[in-house]
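Peer 1: This is the structure I have questions about; it appears just below.
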Amino acid sequence: MTDLLASLNDAQRRAVTCTDGPLLVLAGAGTGKTRVITVRAAHLMQQGVAPEQILMVTFTNKAAREMQERLCSLAGAAANQATVGTFHRFCMRLIREHAAALDLPPGFGICDSSDQLSAVKGALRELRIAETAVDPRAAQSKISLFKNALISSEQAMDQAEDDWDIMVARCYTKYEEHLRRHRMLDFDDFLLFALRLLEEKEELRKQIAARYRYVMVDEYQDTNAPQYRIVRALVQDHRNLCVVGDDDQSIYAWRGADVRRILDFEKDFPGAENVRLETNYRSTAEILDAANKVIRNNPKRHDKELISALGAGSTVSVMGMEDEDHEASFVAGEIRYQVESQEERYGDFAILCRTGQQPRAFEAELRSAGIPYRLVGGTSFFDRKEVRDVLAYLRLLANPADESAFLRIANTPPRGIGKGSLDRVVERATELGDTAWRAFRSMVDAGEISGAPARGFTALREILNQAHVVLQEGDLPRLIQEVLALTNYRAEIERIYGDHETQELRWNGVLEVVDFAASFQRKNKKGDLASFLQELSLSTDERDKEEDSGDQVTLMTLHAAKGLEFRRVYLVGLEEGILPHKRAAAEGGVEEERRLMYVGITRAQQDLTITFCGSRTRFGKLQPCHPSRFLFELKEKTPPEGWLATDAPSVVQEAVPVPRNTKKKRPARRPGSRL
DNA sequence: TGTGTCCGAGACGAA
DNA sequence: CTCGGACACA
């Protein structure tokens with residue numbers, strides 16, 4: 001404990017010891033940002049601050065987990081009493097604790113992204129707007145953006161400039177009605193309701209703010225409007241706020257983050273101290289050189305250059321591949337070679353990509369090469385059909401108003417309730433402003449629905465009634481077992497999936513939900529069903545955690561990689577259309593894409609290899625593609641005329657070197673491509 | 001009502 | 001290619 005400060009450089013030490021009042025730490029990638037924030041918390045504890053008074057907020061579960069672990073290793077088990085978590089989780093707990101003050105039902109349901117989409121579709125249907133006129137996905141993300149910019153549906157209506165805007169604003173209104181009617185909150189609501197609590201209930205704000213005397217915010221460049229105001233409300237009495245961030249790593253503008261927040265910090269909190277961390281302890285000079293060359297093409301930024309404390313290393317390689325299969329087998333071959341020659345462990349490697357579907361090719365290749373890997377993010381455990389089915393039963397039990405849960409399980413397993421009846425039920429429910437469940441019941445009672453669907457409804461009601469009895473016991477794992485038994489879900493799995501192996505796999509997924517519930521109840525003695533579901537909605541797959549100790553290659557998106565570091569990094573798919581991503585570029589977001597590239601480069605400690613493909617399978621067809629403009633920036637060259645146009649000039653194909661890879665031997669490395 | 005099949009659109013990122 | 005939605009049948 002005593003030498004907490006000894007291992008820090010001057011700037012870091014200043015950041016750690018400046019404990020009171022507002023403090024801005026501008027920390028470039030790899031300059032010990034997490035180290036500073038955790039040592040700072042440990043230092044506070046050493047100074048006599050109780051851990052319960054410390055609040056540390058991050059953006060991802062992964063960052064929160066890592067911070068908690070590092071804090072514990074610095075300050076011991078007492079550090080578990082500190083509040084460390086994501087904004088969303090922190091807010092969700094606040095809301096739950098003060099549900100009454102917010103007029104929220106205690107067992108409010110969570111509207112996850114697929115429910116959001118159904119809600120938007122429902123709103124469009126109600127408004128008689130064709131999905132061809134307004135793409136539900138576009139509307140949904142626009143609504144989310146509104147909410148994260150604290151723009152109400154009335155304001156959205158006022159500022160609408162064309163028909164599309166108006167339709168989306170009306171959809172926004174309906175969407176909100178839909179959520180309230182079904183006692184649901186979406187992810188954005190966590191922030192908004194917490195903010196309402198803090199800004200409208202002064203007594204409660206005082207009480208909550210007094211609990212956290214020292215507040216630290218990680219990745220401050222990613223805060224959006226509600227997050228900023230939540231923080232402001234929490235610290236306004238004591239102003240003990242430390243924010244850490246890097247404008248060059250702002251990659252969440254699409255979620256409403258506003259880089260200006262970090263640039264304006266000193267304006268928002270007058271008299272703030274300011275510390276800059278510029279010595280990079282993570283990467284070699286070559287890697288930082290590459291990072292600097294790319295990021296300096298962004299016009300609006302704090303001028304800063306990372307300086308390597310490690311010195312020179314090996315050259316950053318840029319490799320052209322024929323297609324994504326070759327790319328994958330090249331990377332797999334290299335990793336295997338280096339591990340077999342005992343240069344590295346699997347755990348030292350990361351493969352970073354821009355989109356969530358790129359990992360597919362890599363997964364297949366790594367598996368067939370017998371290389372252990374873990375895929376971070378991606379289609380999560382909670383998106384699996386069988387898991388969603390089981391959770392839908394639980395959601396309906398916790399919140400009978402949960403329409404999408406009801407629609408999901410109404411006929412799963414099949415019990416004679418077809419699409420026709422469900423459509424009528426939903427129609428009626430919308431008409432009456434009532435829940436689908438109650439509408440169904442009244443229609444059955446009135447004889448408007450009879451025969452098979454009515455019998456099915458009775459059967460379903462019986463299942464839920466019995467489950468409800470078990471629910472009263474408060475034993476979640478047992479409740480889930482009961483639901484599985486009542487629905488005969490095992491048989492349903494066997495009915496759907498032909499082969500035995502798949503059946504086992506799916507059933508295991510179901511059993512894992514039981515395990516989740518068991519471990520939730522071990523941790524929260526009085527945890528009820530609603531809070532279990534609420535917590536679950538914010539969980540990424542916690543099973544990663546256990547496997548973390550294993551020696552595995554990490555496969556993930558750039559967004560998921562922020563804050564992490566690996567000895568050897570493969571940054572893959574560096575093509576126009578992927579990085580920068582086509583859609584992001586079209587929306588004028590090339591600068592943010594460049595920051596993503598910067599984030600990717602700066603994850604590497606010792607060795608960085610960048611790959612791109614000459615062609616790539618899209619929509620089942622092989623399509624030519626050409627190297628990213630960022631590769632030209634890396635080489636300090638200008639892309640040829642017409643580079644950024646949709647179709648590639650034929651010259652491109654020749655300019656792309658395509659080294660082939662043989663699996664067993666180490667592939668020839670070609671430092672630098674001939675761009 | 002349940003099941004099968006065809007068709008067309010499609011994919012950015014996280015909590 | 002791969003999923004969801006629409007449609008045709010039993």
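Ligands are numbered from 1 in the order shown, chains are lettered A, B, ... in the order of the structure tokens, and residues start at 1 in each chain.
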Report as JSON, numbers by chain all protein, DNA and RNA residues lying within 10 Å of Gly356 of chain A, evaluated on only C-alpha atoms (C1' of nucleotides), omitting residues in the same chain fewer than 2 positions from it.
Peer 2: {"A": [353, 354, 358, 359, 360, 376, 377, 378, 379, 556, 557, 558], "B": [11, 12, 13]}
Peer 1: Output all heavy atoms for every residue in the selection just made, as a short mmCIF file (atom, residue, chain, number, x, y, z; two decimals), in the first residue's frame.
Peer 2:
```cif
data_model
loop_
_atom_site.label_atom_id
_atom_site.label_comp_id
_atom_site.auth_asym_id
_atom_site.auth_seq_id
_atom_site.Cartn_x
_atom_site.Cartn_y
_atom_site.Cartn_z
N CYS A 353 -11.84 -6.72 -35.35
CA CYS A 353 -12.51 -6.41 -36.59
C CYS A 353 -13.58 -5.34 -36.40
O CYS A 353 -13.93 -4.99 -35.27
CB CYS A 353 -13.11 -7.68 -37.19
SG CYS A 353 -14.08 -8.58 -36.00
N ARG A 354 -14.05 -4.83 -37.50
CA ARG A 354 -14.98 -3.72 -37.43
C ARG A 354 -16.42 -4.15 -37.16
O ARG A 354 -17.12 -3.51 -36.40
CB ARG A 354 -14.92 -2.94 -38.76
CG ARG A 354 -15.95 -1.83 -38.90
CD ARG A 354 -15.73 -0.73 -37.88
NE ARG A 354 -16.66 0.35 -38.01
CZ ARG A 354 -17.86 0.42 -37.46
NH1 ARG A 354 -18.28 -0.61 -36.75
NH2 ARG A 354 -18.63 1.46 -37.61
N GLN A 358 -17.75 -10.29 -39.24
CA GLN A 358 -16.42 -10.68 -39.68
C GLN A 358 -15.88 -11.90 -38.93
O GLN A 358 -15.20 -12.73 -39.53
CB GLN A 358 -15.44 -9.52 -39.54
CG GLN A 358 -15.49 -8.53 -40.68
CD GLN A 358 -14.69 -7.28 -40.34
OE1 GLN A 358 -15.20 -6.34 -39.76
NE2 GLN A 358 -13.42 -7.31 -40.69
N PRO A 359 -16.13 -12.03 -37.64
CA PRO A 359 -15.54 -13.15 -36.91
C PRO A 359 -15.91 -14.53 -37.46
O PRO A 359 -15.21 -15.50 -37.21
CB PRO A 359 -16.08 -12.98 -35.49
CG PRO A 359 -16.32 -11.54 -35.36
CD PRO A 359 -16.78 -11.09 -36.72
N ARG A 360 -17.00 -14.62 -38.20
CA ARG A 360 -17.42 -15.93 -38.69
C ARG A 360 -16.32 -16.73 -39.33
O ARG A 360 -16.04 -17.86 -38.94
CB ARG A 360 -18.56 -15.78 -39.69
CG ARG A 360 -19.85 -15.55 -39.00
CD ARG A 360 -21.01 -15.81 -39.91
NE ARG A 360 -22.23 -15.47 -39.20
CZ ARG A 360 -23.44 -15.56 -39.71
NH1 ARG A 360 -23.59 -15.97 -40.95
NH2 ARG A 360 -24.50 -15.25 -39.00
N VAL A 376 -15.71 -12.44 -28.07
CA VAL A 376 -16.31 -11.50 -27.12
C VAL A 376 -17.44 -10.77 -27.83
O VAL A 376 -17.28 -10.30 -28.94
CB VAL A 376 -15.27 -10.49 -26.60
CG1 VAL A 376 -15.93 -9.47 -25.68
CG2 VAL A 376 -14.16 -11.24 -25.88
N GLY A 377 -18.57 -10.65 -27.17
CA GLY A 377 -19.72 -10.00 -27.78
C GLY A 377 -20.37 -10.93 -28.77
O GLY A 377 -20.47 -12.11 -28.54
N GLY A 378 -20.79 -10.38 -29.89
CA GLY A 378 -21.43 -11.22 -30.89
C GLY A 378 -22.80 -11.64 -30.43
O GLY A 378 -23.32 -11.11 -29.45
N THR A 379 -23.39 -12.58 -31.12
CA THR A 379 -24.70 -13.06 -30.71
C THR A 379 -24.55 -13.67 -29.33
O THR A 379 -23.85 -14.65 -29.14
CB THR A 379 -25.24 -14.11 -31.69
OG1 THR A 379 -25.30 -13.52 -32.96
CG2 THR A 379 -26.64 -14.53 -31.26
N MET A 556 -12.71 -10.21 -31.35
CA MET A 556 -13.76 -9.24 -31.02
C MET A 556 -13.78 -8.02 -31.92
O MET A 556 -12.91 -7.82 -32.76
CB MET A 556 -13.60 -8.80 -29.57
CG MET A 556 -12.33 -8.07 -29.26
SD MET A 556 -12.43 -7.57 -27.55
CE MET A 556 -10.80 -7.72 -27.04
N THR A 557 -14.82 -7.21 -31.73
CA THR A 557 -14.93 -5.98 -32.51
C THR A 557 -14.07 -4.90 -31.88
O THR A 557 -13.68 -4.97 -30.72
CB THR A 557 -16.37 -5.46 -32.52
OG1 THR A 557 -16.74 -5.09 -31.19
CG2 THR A 557 -17.34 -6.48 -33.07
N LEU A 558 -13.80 -3.88 -32.68
CA LEU A 558 -13.01 -2.76 -32.18
C LEU A 558 -13.70 -2.07 -31.01
O LEU A 558 -13.06 -1.66 -30.06
CB LEU A 558 -12.79 -1.74 -33.31
CG LEU A 558 -11.84 -2.23 -34.40
CD1 LEU A 558 -11.89 -1.32 -35.61
CD2 LEU A 558 -10.42 -2.31 -33.86
P DA B 11 -30.40 -6.27 -42.24
OP1 DA B 11 -29.98 -7.52 -42.83
OP2 DA B 11 -31.72 -6.18 -41.58
"O5'" DA B 11 -29.35 -5.85 -41.11
"C5'" DA B 11 -28.84 -4.56 -41.17
"C4'" DA B 11 -27.35 -4.67 -41.04
"O4'" DA B 11 -26.86 -5.96 -41.43
"C3'" DA B 11 -26.67 -3.68 -41.98
"O3'" DA B 11 -25.82 -2.89 -41.18
"C2'" DA B 11 -25.81 -4.51 -42.92
"C1'" DA B 11 -25.68 -5.83 -42.16
N9 DA B 11 -25.61 -6.91 -43.16
C8 DA B 11 -26.39 -7.07 -44.25
N7 DA B 11 -26.08 -8.11 -44.98
C5 DA B 11 -25.02 -8.68 -44.32
C6 DA B 11 -24.24 -9.81 -44.59
N6 DA B 11 -24.43 -10.61 -45.65
N1 DA B 11 -23.26 -10.11 -43.74
C2 DA B 11 -23.06 -9.33 -42.68
N3 DA B 11 -23.74 -8.24 -42.33
C4 DA B 11 -24.73 -7.96 -43.20
P DC B 12 -25.10 -2.04 -40.64
OP1 DC B 12 -25.74 -1.56 -39.49
OP2 DC B 12 -24.55 -1.15 -41.65
"O5'" DC B 12 -24.00 -3.12 -40.43
"C5'" DC B 12 -22.90 -3.57 -39.98
"C4'" DC B 12 -22.15 -2.96 -38.86
"O4'" DC B 12 -22.06 -1.53 -38.97
"C3'" DC B 12 -22.80 -3.24 -37.52
"O3'" DC B 12 -21.83 -3.94 -36.78
"C2'" DC B 12 -23.12 -1.88 -36.92
"C1'" DC B 12 -22.20 -0.94 -37.70
N1 DC B 12 -22.82 0.39 -37.95
C2 DC B 12 -22.01 1.52 -37.82
O2 DC B 12 -20.84 1.37 -37.45
N3 DC B 12 -22.54 2.73 -38.08
C4 DC B 12 -23.80 2.84 -38.47
N4 DC B 12 -24.25 4.05 -38.73
C5 DC B 12 -24.62 1.71 -38.62
C6 DC B 12 -24.10 0.51 -38.35
P DG B 13 -21.89 -4.80 -35.74
OP1 DG B 13 -20.79 -5.75 -35.93
OP2 DG B 13 -23.25 -5.30 -35.48
"O5'" DG B 13 -21.49 -3.79 -34.55
"C5'" DG B 13 -20.13 -3.45 -34.36
"C4'" DG B 13 -20.04 -2.35 -33.34
"O4'" DG B 13 -20.59 -1.15 -33.88
"C3'" DG B 13 -20.86 -2.64 -32.07
"O3'" DG B 13 -19.97 -3.14 -31.07
"C2'" DG B 13 -21.35 -1.28 -31.65
"C1'" DG B 13 -21.25 -0.42 -32.90
N9 DG B 13 -22.54 -0.02 -33.43
C8 DG B 13 -23.72 -0.72 -33.38
N7 DG B 13 -24.72 -0.09 -33.95
C5 DG B 13 -24.15 1.10 -34.41
C6 DG B 13 -24.72 2.19 -35.09
O6 DG B 13 -25.89 2.34 -35.45
N1 DG B 13 -23.78 3.19 -35.36
C2 DG B 13 -22.47 3.13 -35.02
N2 DG B 13 -21.71 4.17 -35.36
N3 DG B 13 -21.91 2.12 -34.36
C4 DG B 13 -22.81 1.14 -34.09
#
```
Peer 1: Could you tell me which residues of chain B sit within 12 Å of chain A when counting only C-alpha atoms (C1' of nucleotides), and give me the result as a PyMOL selection string?
Peer 2: chain B and resi 1-3+9-15
Peer 1: Distance atom CA of Lys637 of chain A-atom CA of Asp325 of chain A, one decimal place?
Peer 2: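 Interatomic distance here is 28.3 Å.
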Peer 1: Within 12 Å of chain A, which residues belong to chain C? Use only C-alpha atoms (C1' of nucleotides) and report them as a PyMOL selection string.
Peer 2: chain C and resi 1-3
Peer 1: What is the atom CA of Pro639 of chain A-atom CA of Glu576 of chain A distance in Å, reported with one decimal?
Peer 2: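 So the two atoms, atom CA of Pro639 of chain A and atom CA of Glu576 of chain A, lie 11.3 Å apart.
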Peer 1: Could you list, as a PyMOL selection string, every residue within 12 Å of Leu124 of chain A, counting only C-alpha atoms (C1' of nucleotides) and ignoring same-chain residues fewer than 4 positions away?
Peer 2: chain A and resi 117-120+128-137+139-140+167-175+178
Peer 1: Given the selection you just returned, output its residues as a file containing N, CA, C and O atoms, formatted as a compact mmCIF listing (two decimals), in the first residue's frame.
Peer 2:
```
# COMPACT_ATOMS: atom_id res chain seq x y z
N LEU A 117 -37.69 -3.05 -31.39
CA LEU A 117 -38.04 -3.10 -32.80
C LEU A 117 -39.52 -3.47 -32.98
O LEU A 117 -40.22 -2.87 -33.79
N SER A 118 -39.99 -4.43 -32.20
CA SER A 118 -41.42 -4.78 -32.31
C SER A 118 -42.28 -3.60 -31.90
O SER A 118 -43.34 -3.36 -32.49
N ALA A 119 -41.85 -2.90 -30.87
CA ALA A 119 -42.63 -1.74 -30.42
C ALA A 119 -42.73 -0.70 -31.53
O ALA A 119 -43.79 -0.13 -31.77
N VAL A 120 -41.61 -0.47 -32.19
CA VAL A 120 -41.61 0.51 -33.28
C VAL A 120 -42.51 0.02 -34.42
O VAL A 120 -43.30 0.78 -34.98
N ARG A 128 -50.61 3.55 -39.30
CA ARG A 128 -50.81 3.24 -40.72
C ARG A 128 -49.68 3.79 -41.58
O ARG A 128 -49.91 4.38 -42.63
N ILE A 129 -48.49 3.64 -41.07
CA ILE A 129 -47.33 4.04 -41.86
C ILE A 129 -46.66 2.76 -42.37
O ILE A 129 -46.37 1.86 -41.59
N ALA A 130 -46.47 2.70 -43.66
CA ALA A 130 -45.88 1.50 -44.24
C ALA A 130 -44.41 1.38 -43.86
O ALA A 130 -43.71 2.39 -43.73
N GLU A 131 -43.97 0.14 -43.68
CA GLU A 131 -42.57 -0.06 -43.32
C GLU A 131 -41.64 0.28 -44.47
O GLU A 131 -40.43 0.39 -44.28
N THR A 132 -42.22 0.43 -45.65
CA THR A 132 -41.40 0.85 -46.78
C THR A 132 -41.17 2.37 -46.72
O THR A 132 -40.18 2.88 -47.23
N ALA A 133 -42.12 3.08 -46.10
CA ALA A 133 -41.97 4.54 -45.99
C ALA A 133 -41.00 4.90 -44.88
O ALA A 133 -40.18 5.81 -45.02
N VAL A 134 -41.11 4.19 -43.78
CA VAL A 134 -40.19 4.41 -42.67
C VAL A 134 -39.64 3.07 -42.24
O VAL A 134 -40.38 2.21 -41.76
N ASP A 135 -38.35 2.89 -42.45
CA ASP A 135 -37.70 1.66 -42.05
C ASP A 135 -37.71 1.57 -40.52
O ASP A 135 -37.17 2.46 -39.85
N PRO A 136 -38.33 0.51 -39.98
CA PRO A 136 -38.44 0.41 -38.52
C PRO A 136 -37.09 0.52 -37.80
O PRO A 136 -37.00 1.13 -36.74
N ARG A 137 -36.08 -0.04 -38.40
CA ARG A 137 -34.76 0.02 -37.76
C ARG A 137 -34.24 1.44 -37.70
O ARG A 137 -33.65 1.86 -36.70
N ALA A 139 -36.06 4.13 -37.77
CA ALA A 139 -36.88 4.86 -36.81
C ALA A 139 -36.43 4.58 -35.39
O ALA A 139 -36.30 5.48 -34.56
N GLN A 140 -36.17 3.31 -35.13
CA GLN A 140 -35.76 2.94 -33.78
C GLN A 140 -34.46 3.62 -33.36
O GLN A 140 -34.35 4.13 -32.26
N MET A 167 -43.14 11.62 -39.42
CA MET A 167 -43.58 10.25 -39.18
C MET A 167 -42.79 9.62 -38.04
O MET A 167 -43.36 8.94 -37.19
N VAL A 168 -41.49 9.86 -38.03
CA VAL A 168 -40.67 9.29 -36.96
C VAL A 168 -41.05 9.90 -35.61
O VAL A 168 -41.14 9.19 -34.60
N ALA A 169 -41.32 11.19 -35.60
CA ALA A 169 -41.70 11.84 -34.35
C ALA A 169 -43.02 11.27 -33.82
O ALA A 169 -43.16 11.03 -32.62
N ARG A 170 -43.95 11.04 -34.72
CA ARG A 170 -45.22 10.44 -34.28
C ARG A 170 -45.00 9.03 -33.78
O ARG A 170 -45.61 8.59 -32.81
N CYS A 171 -44.14 8.34 -34.48
CA CYS A 171 -43.79 6.98 -34.07
C CYS A 171 -43.15 6.99 -32.68
O CYS A 171 -43.42 6.12 -31.85
N TYR A 172 -42.33 7.97 -32.45
CA TYR A 172 -41.67 8.17 -31.16
C TYR A 172 -42.72 8.31 -30.06
O TYR A 172 -42.66 7.64 -29.02
N THR A 173 -43.73 9.13 -30.30
CA THR A 173 -44.80 9.30 -29.31
C THR A 173 -45.49 7.96 -29.01
O THR A 173 -45.66 7.58 -27.85
N LYS A 174 -45.86 7.27 -30.08
CA LYS A 174 -46.54 5.98 -29.91
C LYS A 174 -45.64 4.97 -29.20
O LYS A 174 -46.10 4.18 -28.39
N TYR A 175 -44.39 5.01 -29.57
CA TYR A 175 -43.42 4.09 -28.97
C TYR A 175 -43.37 4.28 -27.46
O TYR A 175 -43.42 3.31 -26.70
N HIS A 178 -46.44 2.98 -25.90
CA HIS A 178 -46.37 1.52 -25.88
C HIS A 178 -45.57 1.03 -24.67
O HIS A 178 -45.99 0.13 -23.95
```
Peer 1: To one decimal place in Å, what is the distance between atom CA of Ala99 of chain A and atom CA of Lys62 of chain A?
Peer 2: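 Atom CA of Lys62 of chain A lies at a distance of 27.3 Å from atom CA of Ala99 of chain A.
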Peer 1: Taking the backbone alone, and naming residues the way the document does, which bits of segment 323-491 of chain A are alpha helix (DSSP H) by DSSP, as a ChimeraX atom specification?
Peer 2: /A:324-340,359-368,385-398,403-409,419-432,436-445,451-471,476-487,489-491
Peer 1: Give me every strand (DSSP E) residue in segment 407-601 of chain A, going by DSSP on the backbone, as a list in words.
Peer 2: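 Selecting the strand (DSSP E) positions of segment 407-601 of chain A gives Val553, Thr554, Leu555, Met556, Thr557, Phe566, Arg567, Arg568, Val569, Tyr570 and Leu571 of chain A.
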Peer 1: Report as an mmCIF file with all heavy atoms, in the first residue's frame all protein, DNA and RNA residues lying within 12 Å of Glu494 of chain A, evaluated on only C-alpha atoms (C1' of nucleotides), omitting residues in the same chain fewer than 5 positions from it.
Peer 2:
```cif
data_model
loop_
_atom_site.group_PDB
_atom_site.id
_atom_site.type_symbol
_atom_site.label_atom_id
_atom_site.label_comp_id
_atom_site.auth_asym_id
_atom_site.auth_seq_id
_atom_site.Cartn_x
_atom_site.Cartn_y
_atom_site.Cartn_z
ATOM 1 N N GLU A 386 -33.850 -20.723 -27.389
ATOM 2 C CA GLU A 386 -34.368 -21.439 -26.227
ATOM 3 C C GLU A 386 -34.239 -20.597 -24.957
ATOM 4 O O GLU A 386 -35.099 -20.647 -24.074
ATOM 5 C CB GLU A 386 -33.663 -22.793 -26.065
ATOM 6 C CG GLU A 386 -32.184 -22.741 -25.731
ATOM 7 C CD GLU A 386 -31.307 -22.500 -26.954
ATOM 8 O OE1 GLU A 386 -31.852 -22.134 -28.008
ATOM 9 O OE2 GLU A 386 -30.088 -22.678 -26.838
ATOM 10 N N PRO A 413 -44.450 -23.949 -26.408
ATOM 11 C CA PRO A 413 -44.657 -24.894 -27.516
ATOM 12 C C PRO A 413 -46.068 -24.753 -28.100
ATOM 13 O O PRO A 413 -46.937 -24.225 -27.423
ATOM 14 C CB PRO A 413 -44.513 -26.261 -26.838
ATOM 15 C CG PRO A 413 -44.061 -26.007 -25.445
ATOM 16 C CD PRO A 413 -44.321 -24.601 -25.114
ATOM 17 N N ASN A 488 -43.205 -28.715 -20.689
ATOM 18 C CA ASN A 488 -42.572 -29.857 -21.320
ATOM 19 C C ASN A 488 -41.570 -29.373 -22.373
ATOM 20 O O ASN A 488 -41.556 -29.821 -23.516
ATOM 21 C CB ASN A 488 -43.633 -30.757 -21.967
ATOM 22 C CG ASN A 488 -43.147 -32.185 -22.062
ATOM 23 O OD1 ASN A 488 -42.016 -32.485 -21.649
ATOM 24 N ND2 ASN A 488 -43.980 -33.054 -22.615
ATOM 25 N N TYR A 489 -40.743 -28.453 -21.956
ATOM 26 C CA TYR A 489 -39.888 -27.767 -22.916
ATOM 27 C C TYR A 489 -38.838 -28.680 -23.530
ATOM 28 O O TYR A 489 -38.457 -28.512 -24.679
ATOM 29 C CB TYR A 489 -39.223 -26.546 -22.254
ATOM 30 C CG TYR A 489 -38.702 -25.578 -23.284
ATOM 31 C CD1 TYR A 489 -39.561 -24.722 -23.955
ATOM 32 C CD2 TYR A 489 -37.349 -25.560 -23.627
ATOM 33 C CE1 TYR A 489 -39.103 -23.858 -24.937
ATOM 34 C CE2 TYR A 489 -36.884 -24.700 -24.610
ATOM 35 C CZ TYR A 489 -37.761 -23.856 -25.254
ATOM 36 O OH TYR A 489 -37.307 -23.014 -26.231
ATOM 37 N N ASP A 499 -31.275 -33.602 -34.783
ATOM 38 C CA ASP A 499 -30.179 -34.444 -34.321
ATOM 39 C C ASP A 499 -29.891 -34.275 -32.831
ATOM 40 O O ASP A 499 -30.101 -33.234 -32.225
ATOM 41 C CB ASP A 499 -28.922 -34.216 -35.171
ATOM 42 C CG ASP A 499 -28.171 -32.973 -34.755
ATOM 43 O OD1 ASP A 499 -28.756 -31.882 -34.928
ATOM 44 O OD2 ASP A 499 -27.045 -33.108 -34.256
ATOM 45 N N HIS A 500 -29.432 -35.349 -32.300
ATOM 46 C CA HIS A 500 -29.269 -35.475 -30.862
ATOM 47 C C HIS A 500 -28.324 -34.436 -30.292
ATOM 48 O O HIS A 500 -28.541 -33.873 -29.220
ATOM 49 C CB HIS A 500 -28.762 -36.892 -30.550
ATOM 50 C CG HIS A 500 -28.945 -37.272 -29.123
ATOM 51 N ND1 HIS A 500 -27.920 -37.259 -28.215
ATOM 52 C CD2 HIS A 500 -30.065 -37.630 -28.448
ATOM 53 C CE1 HIS A 500 -28.390 -37.612 -27.036
ATOM 54 N NE2 HIS A 500 -29.678 -37.841 -27.141
ATOM 55 N N GLU A 501 -27.274 -34.176 -31.042
ATOM 56 C CA GLU A 501 -26.246 -33.260 -30.548
ATOM 57 C C GLU A 501 -26.804 -31.852 -30.339
ATOM 58 O O GLU A 501 -26.571 -31.217 -29.314
ATOM 59 C CB GLU A 501 -25.084 -33.226 -31.544
ATOM 60 C CG GLU A 501 -23.756 -32.881 -30.920
ATOM 61 C CD GLU A 501 -22.626 -33.063 -31.927
ATOM 62 O OE1 GLU A 501 -22.642 -34.098 -32.626
ATOM 63 O OE2 GLU A 501 -21.773 -32.175 -32.021
ATOM 64 N N THR A 502 -27.569 -31.397 -31.334
ATOM 65 C CA THR A 502 -28.178 -30.069 -31.220
ATOM 66 C C THR A 502 -29.139 -30.009 -30.043
ATOM 67 O O THR A 502 -29.179 -29.026 -29.310
ATOM 68 C CB THR A 502 -28.952 -29.719 -32.512
ATOM 69 O OG1 THR A 502 -28.181 -30.132 -33.625
ATOM 70 C CG2 THR A 502 -29.218 -28.229 -32.610
ATOM 71 N N GLN A 503 -29.887 -31.092 -29.869
ATOM 72 C CA GLN A 503 -30.821 -31.140 -28.746
ATOM 73 C C GLN A 503 -30.097 -30.917 -27.422
ATOM 74 O O GLN A 503 -30.533 -30.122 -26.587
ATOM 75 C CB GLN A 503 -31.533 -32.499 -28.719
ATOM 76 C CG GLN A 503 -32.486 -32.710 -29.869
ATOM 77 C CD GLN A 503 -33.029 -34.129 -29.923
ATOM 78 O OE1 GLN A 503 -32.717 -34.960 -29.072
ATOM 79 N NE2 GLN A 503 -33.849 -34.393 -30.921
ATOM 80 N N GLU A 504 -28.984 -31.630 -27.277
ATOM 81 C CA GLU A 504 -28.220 -31.488 -26.039
ATOM 82 C C GLU A 504 -27.731 -30.057 -25.850
ATOM 83 O O GLU A 504 -27.806 -29.467 -24.782
ATOM 84 C CB GLU A 504 -27.016 -32.440 -26.047
ATOM 85 C CG GLU A 504 -27.378 -33.878 -25.744
ATOM 86 C CD GLU A 504 -28.156 -34.022 -24.438
ATOM 87 O OE1 GLU A 504 -27.693 -33.519 -23.401
ATOM 88 O OE2 GLU A 504 -29.253 -34.627 -24.477
ATOM 89 N N LEU A 505 -27.216 -29.507 -26.956
ATOM 90 C CA LEU A 505 -26.671 -28.147 -26.923
ATOM 91 C C LEU A 505 -27.731 -27.151 -26.463
ATOM 92 O O LEU A 505 -27.515 -26.324 -25.584
ATOM 93 C CB LEU A 505 -26.170 -27.780 -28.328
ATOM 94 C CG LEU A 505 -25.275 -26.547 -28.418
ATOM 95 C CD1 LEU A 505 -23.897 -26.866 -27.864
ATOM 96 C CD2 LEU A 505 -25.178 -26.096 -29.871
ATOM 97 N N ARG A 506 -28.905 -27.259 -27.082
ATOM 98 C CA ARG A 506 -29.991 -26.328 -26.757
ATOM 99 C C ARG A 506 -30.460 -26.500 -25.326
ATOM 100 O O ARG A 506 -30.717 -25.548 -24.613
ATOM 101 C CB ARG A 506 -31.172 -26.557 -27.715
ATOM 102 C CG ARG A 506 -30.822 -26.341 -29.181
ATOM 103 C CD ARG A 506 -30.702 -24.883 -29.470
ATOM 104 N NE ARG A 506 -30.040 -24.646 -30.743
ATOM 105 C CZ ARG A 506 -30.079 -23.486 -31.379
ATOM 106 N NH1 ARG A 506 -30.747 -22.479 -30.880
ATOM 107 N NH2 ARG A 506 -29.436 -23.332 -32.511
ATOM 108 N N TRP A 507 -30.599 -27.755 -24.947
ATOM 109 C CA TRP A 507 -31.063 -28.022 -23.595
ATOM 110 C C TRP A 507 -30.072 -27.484 -22.561
ATOM 111 O O TRP A 507 -30.450 -26.941 -21.526
ATOM 112 C CB TRP A 507 -31.310 -29.522 -23.405
ATOM 113 C CG TRP A 507 -31.841 -29.876 -22.061
ATOM 114 C CD1 TRP A 507 -31.232 -30.629 -21.109
ATOM 115 C CD2 TRP A 507 -33.105 -29.466 -21.499
ATOM 116 N NE1 TRP A 507 -32.036 -30.715 -19.996
ATOM 117 C CE2 TRP A 507 -33.187 -30.015 -20.204
ATOM 118 C CE3 TRP A 507 -34.159 -28.677 -21.977
ATOM 119 C CZ2 TRP A 507 -34.287 -29.808 -19.366
ATOM 120 C CZ3 TRP A 507 -35.263 -28.476 -21.139
ATOM 121 C CH2 TRP A 507 -35.320 -29.036 -19.857
#
```
